[in-house]
Structures are given as structure tokens and as C-alpha cells.
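S.K.: Sharing protein-v9.cif (mmCIF, C-alpha atoms) below.
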```cif
data_coords
#
loop_
_atom_site.group_PDB
_atom_site.id
_atom_site.type_symbol
_atom_site.label_atom_id
_atom_site.label_comp_id
_atom_site.auth_asym_id
_atom_site.auth_seq_id
_atom_site.Cartn_x
_atom_site.Cartn_y
_atom_site.Cartn_z
ATOM 1 C CA MET A 125 -20.888 -0.945 27.511
ATOM 2 C CA ASP A 126 -17.814 -2.066 25.561
ATOM 3 C CA VAL A 127 -18.422 -5.823 25.458
ATOM 4 C CA VAL A 128 -14.901 -6.627 24.263
ATOM 5 C CA GLU A 129 -13.202 -4.650 27.048
ATOM 6 C CA ALA A 130 -15.621 -6.106 29.603
ATOM 7 C CA CYS A 131 -14.823 -9.627 28.398
ATOM 8 C CA LYS A 132 -11.095 -8.895 28.656
ATOM 9 C CA ALA A 133 -11.592 -7.964 32.313
ATOM 10 C CA PHE A 134 -13.784 -11.035 32.890
ATOM 11 C CA VAL A 135 -11.190 -13.390 31.377
ATOM 12 C CA ALA A 136 -8.294 -11.773 33.290
ATOM 13 C CA VAL A 137 -10.060 -11.917 36.655
ATOM 14 C CA SER A 138 -11.205 -15.520 36.128
ATOM 15 C CA GLY A 139 -7.686 -16.584 35.178
ATOM 16 C CA HIS A 140 -6.128 -15.174 38.374
ATOM 17 C CA GLY A 141 -8.992 -15.629 40.830
ATOM 18 C CA SER A 142 -8.597 -12.024 41.938
ATOM 19 C CA PHE A 143 -9.822 -8.636 40.786
ATOM 20 C CA THR A 144 -6.588 -7.004 41.927
ATOM 21 C CA VAL A 145 -4.220 -9.445 40.165
ATOM 22 C CA GLY A 146 -6.481 -9.813 37.143
ATOM 23 C CA ALA A 147 -6.729 -6.056 36.697
ATOM 24 C CA ALA A 148 -2.936 -5.753 36.903
ATOM 25 C CA ALA A 149 -2.544 -8.453 34.257
ATOM 26 C CA ALA A 150 -5.006 -6.598 32.016
ATOM 27 C CA ARG A 151 -3.152 -3.319 32.720
ATOM 28 C CA ILE A 152 -6.218 -1.539 34.053
ATOM 29 C CA PRO A 153 -7.095 -0.234 37.549
ATOM 30 C CA GLN A 154 -8.881 -2.665 39.865
ATOM 31 C CA SER A 155 -11.889 -0.331 40.046
ATOM 32 C CA VAL A 156 -12.194 -0.341 36.243
ATOM 33 C CA ALA A 157 -12.083 -4.150 36.169
ATOM 34 C CA SER A 158 -14.843 -4.301 38.804
ATOM 35 C CA ARG A 159 -17.050 -1.867 36.889
ATOM 36 C CA ARG A 160 -16.601 -3.732 33.609
ATOM 37 C CA VAL A 161 -17.429 -7.123 35.117
ATOM 38 C CA ALA A 162 -20.442 -5.630 36.903
ATOM 39 C CA ALA A 163 -21.638 -4.095 33.608
ATOM 40 C CA LEU A 164 -21.279 -7.469 31.888
ATOM 41 C CA GLU A 165 -23.305 -9.138 34.664
ATOM 42 C CA ARG A 166 -26.055 -6.537 34.281
ATOM 43 C CA HIS A 167 -26.003 -7.031 30.519
ATOM 44 C CA PHE A 168 -26.465 -10.814 30.843
ATOM 45 C CA GLY A 169 -28.752 -10.625 33.865
ATOM 46 C CA ALA A 170 -26.746 -13.136 35.909
ATOM 47 C CA ARG A 171 -23.697 -13.240 38.224
ATOM 48 C CA LEU A 172 -20.345 -14.304 36.754
ATOM 49 C CA PHE A 173 -18.464 -14.527 40.068
ATOM 50 C CA THR A 174 -19.112 -15.276 43.701
ATOM 51 C CA ARG A 175 -17.067 -12.878 45.796
ATOM 52 C CA THR A 176 -15.503 -13.281 49.234
ATOM 53 C CA SER A 177 -13.214 -10.954 51.127
ATOM 54 C CA ARG A 178 -10.139 -12.863 49.878
ATOM 55 C CA SER A 179 -11.002 -14.312 46.458
ATOM 56 C CA VAL A 180 -13.511 -14.629 43.662
ATOM 57 C CA ALA A 181 -14.778 -17.807 42.015
ATOM 58 C CA LEU A 182 -16.749 -18.434 38.852
ATOM 59 C CA THR A 183 -20.434 -19.162 39.221
ATOM 60 C CA PRO A 184 -21.911 -21.991 37.119
ATOM 61 C CA PHE A 185 -23.141 -19.293 34.715
ATOM 62 C CA GLY A 186 -19.660 -17.738 34.645
ATOM 63 C CA ARG A 187 -18.084 -21.115 33.750
ATOM 64 C CA GLU A 188 -20.551 -21.466 30.881
ATOM 65 C CA MET A 189 -19.774 -17.970 29.558
ATOM 66 C CA LEU A 190 -15.981 -18.087 29.931
ATOM 67 C CA PRO A 191 -15.214 -20.014 26.665
ATOM 68 C CA SER A 192 -17.269 -17.566 24.610
ATOM 69 C CA ALA A 193 -15.595 -14.607 26.322
ATOM 70 C CA ARG A 194 -12.147 -16.050 25.558
ATOM 71 C CA ARG A 195 -13.063 -16.533 21.894
ATOM 72 C CA LEU A 196 -14.268 -12.926 21.666
ATOM 73 C CA VAL A 197 -11.080 -11.617 23.300
ATOM 74 C CA ASP A 198 -8.893 -13.750 21.007
ATOM 75 C CA LEU A 199 -10.828 -12.576 17.954
ATOM 76 C CA ALA A 200 -10.525 -8.915 18.990
ATOM 77 C CA GLU A 201 -6.756 -9.289 19.491
ATOM 78 C CA ALA A 202 -6.423 -11.028 16.124
ATOM 79 C CA MET A 203 -8.354 -8.187 14.487
ATOM 80 C CA GLU A 204 -6.079 -5.592 16.070
ATOM 81 C CA HIS A 205 -3.045 -7.509 14.817
ATOM 82 C CA ASP A 206 -4.525 -7.729 11.307
ATOM 83 C CA ALA A 207 -5.282 -4.004 11.369
ATOM 84 C CA GLU A 208 -1.655 -3.172 12.150
ATOM 85 C CA ARG A 209 -0.452 -5.474 9.380
ATOM 86 C CA ALA A 210 -2.925 -3.919 6.937
ATOM 87 C CA LYS A 211 -1.574 -0.440 7.710
ATOM 88 C CA LEU A 212 1.937 -1.639 6.869
ATOM 89 C CA ARG A 213 0.929 -3.516 3.732
ATOM 90 C CA PRO A 214 2.278 -1.682 0.659
ATOM 91 C CA PHE A 215 -0.231 0.321 -1.359
ATOM 92 C CA ARG A 216 0.672 -0.426 -4.975
ATOM 93 C CA LEU A 217 0.392 2.694 -7.140
ATOM 94 C CA ALA A 218 1.030 2.684 -10.889
ATOM 95 C CA VAL A 219 2.988 5.808 -11.847
ATOM 96 C CA PRO A 220 4.352 7.139 -15.154
ATOM 97 C CA GLU A 221 7.769 5.874 -16.148
ATOM 98 C CA VAL A 222 8.851 9.512 -16.503
ATOM 99 C CA CYS A 223 8.746 10.049 -12.725
ATOM 100 C CA ALA A 224 12.300 10.809 -11.602
ATOM 101 C CA PRO A 225 13.680 8.840 -8.620
ATOM 102 C CA ARG A 226 14.088 11.772 -6.213
ATOM 103 C CA PRO A 227 10.554 13.247 -6.568
ATOM 104 C CA LEU A 228 9.146 9.706 -6.440
ATOM 105 C CA ALA A 229 11.051 9.040 -3.213
ATOM 106 C CA ARG A 230 9.669 12.308 -1.799
ATOM 107 C CA LEU A 231 6.137 11.141 -2.646
ATOM 108 C CA VAL A 232 6.719 7.838 -0.820
ATOM 109 C CA SER A 233 8.134 9.716 2.180
ATOM 110 C CA ASP A 234 5.187 12.132 2.355
ATOM 111 C CA ALA A 235 2.710 9.260 2.012
ATOM 112 C CA ARG A 236 4.155 7.654 5.149
ATOM 113 C CA ARG A 237 3.125 10.742 7.105
ATOM 114 C CA HIS A 238 -0.424 9.900 6.018
ATOM 115 C CA ASP A 239 -0.083 6.272 7.230
ATOM 116 C CA LEU A 240 0.232 5.096 3.628
ATOM 117 C CA GLU A 241 3.108 2.832 2.584
ATOM 118 C CA LEU A 242 3.281 3.458 -1.157
ATOM 119 C CA ASP A 243 4.805 0.881 -3.485
ATOM 120 C CA PRO A 244 5.208 2.746 -6.816
ATOM 121 C CA ARG A 245 5.081 0.693 -9.994
ATOM 122 C CA PRO A 246 6.316 2.597 -13.072
ATOM 123 C CA ALA A 247 4.421 1.728 -16.255
ATOM 124 C CA GLY A 248 3.346 3.180 -19.574
ATOM 125 C CA PRO A 249 0.037 5.031 -20.019
ATOM 126 C CA VAL A 250 -1.947 2.089 -21.432
ATOM 127 C CA GLU A 251 -0.487 -0.389 -18.961
ATOM 128 C CA ARG A 252 -1.326 1.803 -15.949
ATOM 129 C CA ALA A 253 -5.023 1.807 -16.764
ATOM 130 C CA GLU A 254 -4.940 -1.954 -17.352
ATOM 131 C CA LEU A 255 -3.184 -2.595 -14.023
ATOM 132 C CA VAL A 256 -6.050 -0.905 -12.201
ATOM 133 C CA ARG A 257 -8.660 -2.817 -14.200
ATOM 134 C CA THR A 258 -7.038 -6.163 -13.343
ATOM 135 C CA LEU A 259 -6.511 -5.079 -9.686
ATOM 136 C CA ASP A 260 -2.740 -5.626 -9.947
ATOM 137 C CA VAL A 261 -2.448 -2.168 -8.366
ATOM 138 C CA ARG A 262 -4.827 -0.362 -6.047
ATOM 139 C CA ALA A 263 -4.624 2.962 -7.872
ATOM 140 C CA ALA A 264 -2.878 4.656 -10.794
ATOM 141 C CA LEU A 265 -1.960 8.079 -12.106
ATOM 142 C CA VAL A 266 -3.499 7.773 -15.568
ATOM 143 C CA ALA A 267 -3.052 9.898 -18.683
ATOM 144 C CA VAL A 268 -6.054 12.075 -19.584
ATOM 145 C CA PRO A 269 -6.555 15.215 -21.705
ATOM 146 C CA PRO A 270 -5.083 18.198 -19.821
ATOM 147 C CA ASP A 271 -8.444 19.923 -19.308
ATOM 148 C CA GLU A 272 -9.818 16.769 -17.651
ATOM 149 C CA GLY A 273 -6.943 16.106 -15.263
ATOM 150 C CA ALA A 274 -5.998 17.159 -11.761
ATOM 151 C CA TRP A 275 -2.422 17.815 -12.909
ATOM 152 C CA ARG A 276 -1.158 19.485 -16.088
ATOM 153 C CA VAL A 277 2.468 19.075 -17.225
ATOM 154 C CA PRO A 278 3.632 21.474 -19.985
ATOM 155 C CA LEU A 279 5.397 19.948 -22.967
ATOM 156 C CA GLY A 280 7.879 21.423 -25.389
ATOM 157 C CA LEU A 281 10.794 20.509 -27.639
ATOM 158 C CA ALA A 282 14.346 20.006 -26.411
ATOM 159 C CA GLY A 283 17.644 19.467 -28.176
ATOM 160 C CA HIS A 284 21.294 19.179 -27.231
ATOM 161 C CA ALA A 285 22.225 22.475 -28.944
ATOM 162 C CA ASP A 286 21.474 25.774 -27.202
ATOM 163 C CA PRO A 287 18.809 27.574 -29.308
ATOM 164 C CA GLY A 288 19.965 30.937 -28.012
ATOM 165 C CA ALA A 289 17.535 33.780 -27.463
ATOM 166 C CA ILE A 290 14.526 32.227 -29.176
ATOM 167 C CA SER A 291 11.555 31.881 -26.843
ATOM 168 C CA ALA A 292 9.862 28.978 -28.647
ATOM 169 C CA VAL A 293 10.547 26.292 -31.246
ATOM 170 C CA TYR A 294 8.266 26.521 -34.256
ATOM 171 C CA VAL A 295 7.592 23.159 -35.843
ATOM 172 C CA GLU A 296 7.399 24.702 -39.306
ATOM 173 C CA THR A 297 11.151 25.438 -39.092
ATOM 174 C CA LEU A 298 11.768 21.674 -39.299
ATOM 175 C CA ARG A 299 10.336 21.617 -42.832
ATOM 176 C CA ALA A 300 13.105 20.940 -45.323
ATOM 177 C CA GLY A 301 13.743 23.609 -47.945
ATOM 178 C CA ARG A 302 14.384 22.901 -51.590
ATOM 179 C CA ALA A 303 18.135 22.816 -51.084
ATOM 180 C CA GLU A 304 17.758 20.388 -48.169
ATOM 181 C CA ARG A 305 15.482 17.800 -49.732
ATOM 182 C CA THR A 306 18.314 15.315 -50.204
ATOM 183 C CA THR A 307 19.570 15.720 -46.636
ATOM 184 C CA ARG A 308 18.281 13.968 -43.559
ATOM 185 C CA ARG A 309 15.221 15.725 -42.143
ATOM 186 C CA ARG A 310 15.144 16.675 -38.487
ATOM 187 C CA ARG A 311 12.720 14.586 -36.457
ATOM 188 C CA ILE A 312 10.588 15.060 -33.388
ATOM 189 C CA ARG A 313 11.056 12.141 -31.003
ATOM 190 C CA LEU A 314 8.153 11.126 -28.786
ATOM 191 C CA GLN A 315 8.662 8.969 -25.716
ATOM 192 C CA PRO A 316 6.103 6.252 -24.872
ATOM 193 C CA GLU A 317 4.459 8.457 -22.198
ATOM 194 C CA ASP A 318 3.308 10.831 -24.954
ATOM 195 C CA ASP A 319 2.044 8.144 -27.302
ATOM 196 C CA VAL A 320 -1.542 9.048 -26.390
ATOM 197 C CA PRO A 321 -4.162 10.672 -28.641
ATOM 198 C CA HIS A 322 -4.363 14.055 -26.862
ATOM 199 C CA VAL A 323 -0.611 14.562 -27.385
ATOM 200 C CA ARG A 324 0.430 12.456 -30.401
ATOM 201 C CA ASP A 325 -2.548 13.251 -32.620
ATOM 202 C CA ARG A 326 -2.448 17.009 -31.969
ATOM 203 C CA LEU A 327 1.256 17.139 -32.798
ATOM 204 C CA THR A 328 0.803 14.977 -35.893
ATOM 205 C CA ARG A 329 -1.964 17.249 -37.218
ATOM 206 C CA LEU A 330 0.251 20.290 -36.690
ATOM 207 C CA CYS A 331 3.126 18.629 -38.556
ATOM 208 C CA ASP A 332 0.819 17.772 -41.444
ATOM 209 C CA ALA A 333 -0.495 21.337 -41.530
ATOM 210 C CA VAL A 334 2.970 22.922 -41.777
ATOM 211 C CA GLY A 335 4.209 20.448 -44.374
ATOM 212 C CA LEU A 336 6.427 18.022 -42.438
ATOM 213 C CA GLN A 337 6.829 14.468 -43.648
ATOM 214 C CA PRO A 338 5.061 11.702 -41.629
ATOM 215 C CA SER A 339 8.472 10.191 -40.898
ATOM 216 C CA GLN A 340 9.489 13.337 -39.027
ATOM 217 C CA VAL A 341 7.365 12.376 -35.993
ATOM 218 C CA VAL A 342 8.717 9.195 -34.406
ATOM 219 C CA VAL A 343 7.555 7.356 -31.276
ATOM 220 C CA ALA A 344 10.641 5.848 -29.636
ATOM 221 C CA ALA A 345 10.695 2.553 -27.777
ATOM 222 C CA SER A 346 11.842 4.280 -24.577
ATOM 223 C CA LEU A 347 12.941 7.614 -23.174
ATOM 224 C CA VAL A 348 16.543 6.386 -23.226
ATOM 225 C CA ALA A 349 16.331 5.509 -26.929
ATOM 226 C CA ALA A 350 14.699 8.838 -27.779
ATOM 227 C CA THR A 351 17.306 10.798 -25.824
ATOM 228 C CA ALA A 352 20.172 8.890 -27.435
ATOM 229 C CA ASP A 353 18.858 9.805 -30.898
ATOM 230 C CA VAL A 354 18.555 13.471 -29.891
ATOM 231 C CA LEU A 355 22.085 13.577 -28.464
ATOM 232 C CA ALA A 356 23.495 12.112 -31.672
ATOM 233 C CA SER A 357 21.672 14.443 -34.082
ATOM 234 C CA THR A 358 19.770 17.698 -34.439
ATOM 235 C CA ASP A 359 16.486 15.934 -33.631
ATOM 236 C CA LEU A 360 14.245 17.253 -30.877
ATOM 237 C CA LEU A 361 12.637 15.451 -27.932
ATOM 238 C CA LEU A 362 9.097 16.203 -26.879
ATOM 239 C CA CYS A 363 9.333 16.409 -23.091
ATOM 240 C CA SER A 364 8.609 18.443 -19.977
ATOM 241 C CA PRO A 365 10.978 21.181 -18.720
ATOM 242 C CA GLY A 366 11.956 18.993 -15.764
ATOM 243 C CA GLN A 367 12.903 16.099 -18.015
ATOM 244 C CA ALA A 368 14.975 18.400 -20.222
ATOM 245 C CA ASP A 369 16.898 19.673 -17.191
ATOM 246 C CA GLU A 370 17.502 16.141 -15.961
ATOM 247 C CA LEU A 371 18.755 15.057 -19.395
ATOM 248 C CA GLY A 372 20.915 18.133 -19.963
ATOM 249 C CA LEU A 373 18.852 19.324 -22.950
ATOM 250 C CA HIS A 374 17.735 22.829 -23.927
ATOM 251 C CA TRP A 375 13.934 23.150 -23.735
ATOM 252 C CA ARG A 376 11.541 25.583 -25.404
ATOM 253 C CA PRO A 377 7.726 25.491 -25.747
ATOM 254 C CA VAL A 378 6.158 24.677 -29.116
ATOM 255 C CA GLY A 379 5.430 27.948 -30.890
ATOM 256 C CA GLU A 380 2.267 26.927 -32.712
ATOM 257 C CA LEU A 381 0.651 24.662 -30.095
ATOM 258 C CA ASP A 382 0.044 24.488 -26.350
ATOM 259 C CA LEU A 383 0.860 20.863 -25.570
ATOM 260 C CA ALA A 384 0.604 19.270 -22.147
ATOM 261 C CA ARG A 385 0.201 15.956 -20.368
ATOM 262 C CA GLY A 386 -2.838 15.550 -18.164
ATOM 263 C CA TYR A 387 -3.084 13.195 -15.201
ATOM 264 C CA ALA A 388 -5.871 11.984 -12.941
ATOM 265 C CA VAL A 389 -6.241 9.345 -10.224
ATOM 266 C CA THR A 390 -8.160 6.170 -10.873
ATOM 267 C CA ALA A 391 -8.546 3.351 -8.364
ATOM 268 C CA GLY A 392 -10.140 -0.012 -7.802
ATOM 269 C CA SER A 393 -12.270 1.403 -4.968
ATOM 270 C CA ARG A 394 -13.514 4.825 -3.923
ATOM 271 C CA GLU A 395 -11.585 4.585 -0.650
ATOM 272 C CA ASP A 396 -8.279 3.831 -2.421
ATOM 273 C CA GLY A 397 -8.830 6.771 -4.761
ATOM 274 C CA ARG A 398 -9.537 9.063 -1.804
ATOM 275 C CA ARG A 399 -6.329 8.006 -0.045
ATOM 276 C CA ILE A 400 -4.222 9.055 -3.049
ATOM 277 C CA ARG A 401 -6.150 12.309 -3.551
ATOM 278 C CA ASP A 402 -5.588 13.167 0.121
ATOM 279 C CA LEU A 403 -1.818 13.256 -0.453
ATOM 280 C CA PRO A 404 -0.259 16.706 -1.058
ATOM 281 C CA PRO A 405 -1.152 17.571 -4.699
ATOM 282 C CA ALA A 406 2.064 19.566 -5.149
ATOM 283 C CA VAL A 407 4.213 16.543 -4.251
ATOM 284 C CA ILE A 408 2.387 14.381 -6.797
ATOM 285 C CA GLY A 409 2.650 17.182 -9.356
ATOM 286 C CA HIS A 410 6.402 17.531 -8.832
ATOM 287 C CA CYS A 411 6.730 13.763 -9.273
ATOM 288 C CA LEU A 412 4.872 14.051 -12.607
ATOM 289 C CA GLY A 413 7.212 16.798 -13.820
ATOM 290 C CA ILE A 414 5.391 20.031 -12.973
ATOM 291 C CA PRO A 415 7.967 22.753 -12.190
ATOM 292 C CA ALA A 416 8.313 23.746 -8.536
ATOM 293 C CA GLY A 417 5.827 26.448 -7.570
ATOM 294 C CA GLU A 418 3.378 25.526 -10.349
ATOM 295 C CA ALA A 419 2.092 22.172 -9.087
#
```
Do you think you could lay out the structure here as C-alpha cells?
M.R.:
Amino acid sequence: MDVVEACKAFVAVSGHGSFTVGAAAARIPQSVASRRVAALERHFGARLFTRTSRSVALTPFGREMLPSARRLVDLAEAMEHDAERAKLRPFRLAVPEVCAPRPLARLVSDARRHDLELDPRPAGPVERAELVRTLDVRAALVAVPPDEGAWRVPLGLAGHADPGAISAVYVETLRAGRAERTTRRRRIRLQPEDDVPHVRDRLTRLCDAVGLQPSQVVVAASLVAATADVLASTDLLLCSPGQADELGLHWRPVGELDLARGYAVTAGSREDGRRIRDLPPAVIGHCLGIPAGEA
């Protein structure tokens, strides 16, 4: 027996003094209302109504039980209301600042088909992990080494000049020759998203190995600042192919090194993590910068 539904029928019938009118008010057939009240009477082992051919009236036991039944019905309705509000409450998700608006909007749209109202919060890699720890967001797409992540975003070097037919940019070509030692050295600009050990440290070790100066690897304050420096010079931006296209830059992979960003989901609860992982992986991957067809 569904006690809540039985109590709804009991309260409706008692309020109208009729099974027919009470059932109509509860939007159920009269026969269903009769069965539910009868089941409740069997459950309690006592009659709730005295019945005549024209009306019904509460028994003394029914009058005693009516306040409790009303409280249960009110509580059930309040719970249903809270459940609907909870479904509409935004699910705050920390995402990389490199997520472009259109793919991010597509992710929000797809999440709605899974009854999830995403509220993306762009943040840097360190801040995203901290936002989850402090429960300021329910989940985050965090930076991890590529072989540990669910998503892998290739990285390369991009500049404003077309490199022509070359298939890759070799970092060693940025080393200044003897005749160029008094000129400004070309730099590799890193955006904050790549200021993580599995990207920054690997690139720095490569630059040291091929003889670049430490000053030739620079972490910019923002993607905008890094891009502005690249547009005004021969410097190169470490970025994904999608970012290069969006910024109007010419992208090539790094010749000596396979660099990539890795991403995984972390959440304040197992259920919140599952809800993000249940979203289409390709849509999340496209949002992170993985080329279409590779996510």
C-alpha cells in the first residue's frame, strides 16, 4: 500500500464528505479512492468513515487520524516541490578558462537533455581544484597528466606568420646563432592553463637541452596577454589547434616533444562526479579543445 496516496484520498474524502466529490478533487476515479481508503483502514485495523447511501462521516478514530494524514500529505507535497526546485538548481562546474563560448554553450545545452542545469565557472588549473575542495563548485574539469586523464588535448606552437610547408616547429630553431646574440631572442609564451608541471616542466627541460635561454620560456598573465605578444613579434604561443584557429594563428606540433593537456573530472561527491561523466564525452572534449572527430 502507498500510504501517502492513501492519505491523500482519505483527506480529500473527509474534506468533501463524499467519495465521489473527494475523488474528483484528488483527480482519481471514485473506485480508486474507495480502494485506497479501505487499504488504509485495513492497515490501521479500524474504520475511518461511517458510510450511508448518501454521505460519509468520520468515525472517532478517523477524526483522530485526520491531522496526521494532513501533515503527511503536506510533507509529501513539499518534498515534491523541493525535488522540482532541486532539479532546476544550477550545477556549478569549474571549467578551464580556455573553453570557447560556443562549445561551452553546447555543453550546457546537452546537459539540459540530461536534466542537468550546468552553471560553468571558468578558472585556472590550480583554482579549479581548490573550488572543489572548498565546495564552491560541485565538480571540476581538472588538469592531470595526459596519460591519467579522460581527455587529451594536443599542444603545439603557433605564430602569426605562416610557417609554410614545415610539418612541425623544432624548439632548437629558436636558439640564437652567433650572429644573433645581440638581437632579441624569440620566446615561447605559455598561457596560465599550461602552467602545470606536466606541460611547463617538460617544455623547460627540452629548452634547456637544446640550449635556449631560461628567459625564452615565459608564462603570461593571461591568454590575451600571451596572444598580444605573439601578434606583435615572432614569438610563439603554446596552445591547442582549436585555440590557434580561433586566434587566427598558424599552428604546428612541437618537433621534439609530444605535448598535451590532460583532463579528468573531480567532484565533491560520487554522485556529482557520475552526473558529469554521464554527459557526452565528445561534447566535453570539444569544449576542452579536442578537434572534432577526435574527442
S.K.: Once 8 Å is added on each side, what centre and edge lengths in Å to one decimal does the axis-aligned box around all listed atoms of region 153-159 of chain A have, as AutoDock Vina command-line options?
M.R.:
```
--center_x -12.1 --center_y -2.3 --center_z 38.1 --size_x 26.0 --size_y 20.1 --size_z 19.9
```
S.K.: Going by the chain IDs and residue numbers used in this file, which residues fall under the PyMOL selection byres ((chain A and resi 348) around 12)? Write them as a list in words.
M.R.: Glu221, Val222, Arg313, Leu314, Gln315, Pro316, Ala344, Ala345, Ser346, Leu347, Ala349, Ala350, Thr351, Ala352, Asp353, Val354, Leu355, Leu361, Gln367 and Leu371 of chain A
S.K.: Which neighbours of Ile414 (chain A) fall inside 12 Å, counting only C-alpha atoms, when residues of the same chain fewer than 5 positions from it are skipped, and could you give them as a list in words?
M.R.: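 Once the nearby chain positions are removed, what remains is Val222, Cys223, Ala224, Pro227, Ala274, Trp275, Arg276, Val277, Pro278, Leu279, Cys363, Ser364, Pro365, Gly366, Gln367, Ala384, Arg385, Gly386, Tyr387, Pro405, Ala406, Val407, Ile408, Gly409 and Ala419 of chain A.
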S.K.: So, with only C-alpha atoms as the atoms that count, which of A:Leu172, A:Ala292, A:Val334, A:Ala285 lies closest to Gly372 (chain A)?
M.R.: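 Using only C-alpha atoms, the shortest distance to Gly372 (chain A) belongs to A:Ala285.
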S.K.: Taking the file as I've supplied it (selection: the PyMOL selection byres ((chain A and resi 266) around 8)), which residues are included? Please answer as a VMD selection string.
M.R.: chain A and resid 219 to 220 249 252 to 253 264 to 265 267 to 268 387 to 390
S.K.: Taking the file as shown, find all residues satisfying the PyMOL selection byres ((chain A and resi 291) around 12) and write them as a VMD selection string.
M.R.: chain A and resid 280 to 281 286 to 290 292 to 294 374 to 379
S.K.: Find the distance between CA of Pro225 (chain A) and CA of Arg262 (chain A) and write it in Å to one decimal.
M.R.: 20.8 Å
S.K.: Since fewer atoms than expected are present, regenerate N, CA and C atoms for region 337-352 of chain A and write them as a JSON list (two decimals), in the coordinates of the input.
M.R.:
```
[["chain", "number", "residue", "atom", "x", "y", "z"],
["A", 337, "GLN", "N", 7.06, 15.83, -43.21],
["A", 337, "GLN", "CA", 6.83, 14.47, -43.65],
["A", 337, "GLN", "C", 6.35, 13.61, -42.48],
["A", 338, "PRO", "N", 5.50, 12.58, -42.73],
["A", 338, "PRO", "CA", 5.06, 11.70, -41.63],
["A", 338, "PRO", "C", 6.21, 11.08, -40.86],
["A", 339, "SER", "N", 7.33, 10.82, -41.56],
["A", 339, "SER", "CA", 8.47, 10.19, -40.90],
["A", 339, "SER", "C", 9.19, 11.12, -39.93],
["A", 340, "GLN", "N", 8.80, 12.39, -39.90],
["A", 340, "GLN", "CA", 9.49, 13.34, -39.03],
["A", 340, "GLN", "C", 8.93, 13.34, -37.60],
["A", 341, "VAL", "N", 7.88, 12.57, -37.35],
["A", 341, "VAL", "CA", 7.36, 12.38, -35.99],
["A", 341, "VAL", "C", 7.52, 10.90, -35.66],
["A", 342, "VAL", "N", 8.37, 10.58, -34.70],
["A", 342, "VAL", "CA", 8.72, 9.20, -34.41],
["A", 342, "VAL", "C", 8.46, 8.91, -32.92],
["A", 343, "VAL", "N", 7.75, 7.81, -32.66],
["A", 343, "VAL", "CA", 7.56, 7.36, -31.28],
["A", 343, "VAL", "C", 8.67, 6.37, -30.96],
["A", 344, "ALA", "N", 9.51, 6.70, -30.00],
["A", 344, "ALA", "CA", 10.64, 5.85, -29.64],
["A", 344, "ALA", "C", 10.19, 4.72, -28.72],
["A", 345, "ALA", "N", 11.01, 3.70, -28.63],
["A", 345, "ALA", "CA", 10.70, 2.55, -27.78],
["A", 345, "ALA", "C", 10.81, 2.89, -26.30],
["A", 346, "SER", "N", 11.64, 3.89, -25.97],
["A", 346, "SER", "CA", 11.84, 4.28, -24.58],
["A", 346, "SER", "C", 12.39, 5.69, -24.54],
["A", 347, "LEU", "N", 12.37, 6.28, -23.34],
["A", 347, "LEU", "CA", 12.94, 7.61, -23.17],
["A", 347, "LEU", "C", 14.44, 7.57, -23.43],
["A", 348, "VAL", "N", 15.10, 6.51, -23.01],
["A", 348, "VAL", "CA", 16.54, 6.39, -23.23],
["A", 348, "VAL", "C", 16.86, 6.37, -24.72],
["A", 349, "ALA", "N", 16.10, 5.59, -25.48],
["A", 349, "ALA", "CA", 16.33, 5.51, -26.93],
["A", 349, "ALA", "C", 16.08, 6.86, -27.60],
["A", 350, "ALA", "N", 15.01, 7.54, -27.19],
["A", 350, "ALA", "CA", 14.70, 8.84, -27.78],
["A", 350, "ALA", "C", 15.80, 9.86, -27.46],
["A", 351, "THR", "N", 16.26, 9.85, -26.23],
["A", 351, "THR", "CA", 17.31, 10.80, -25.82],
["A", 351, "THR", "C", 18.61, 10.51, -26.55],
["A", 352, "ALA", "N", 18.95, 9.25, -26.72],
["A", 352, "ALA", "CA", 20.17, 8.89, -27.44],
["A", 352, "ALA", "C", 20.14, 9.41, -28.87]]
```
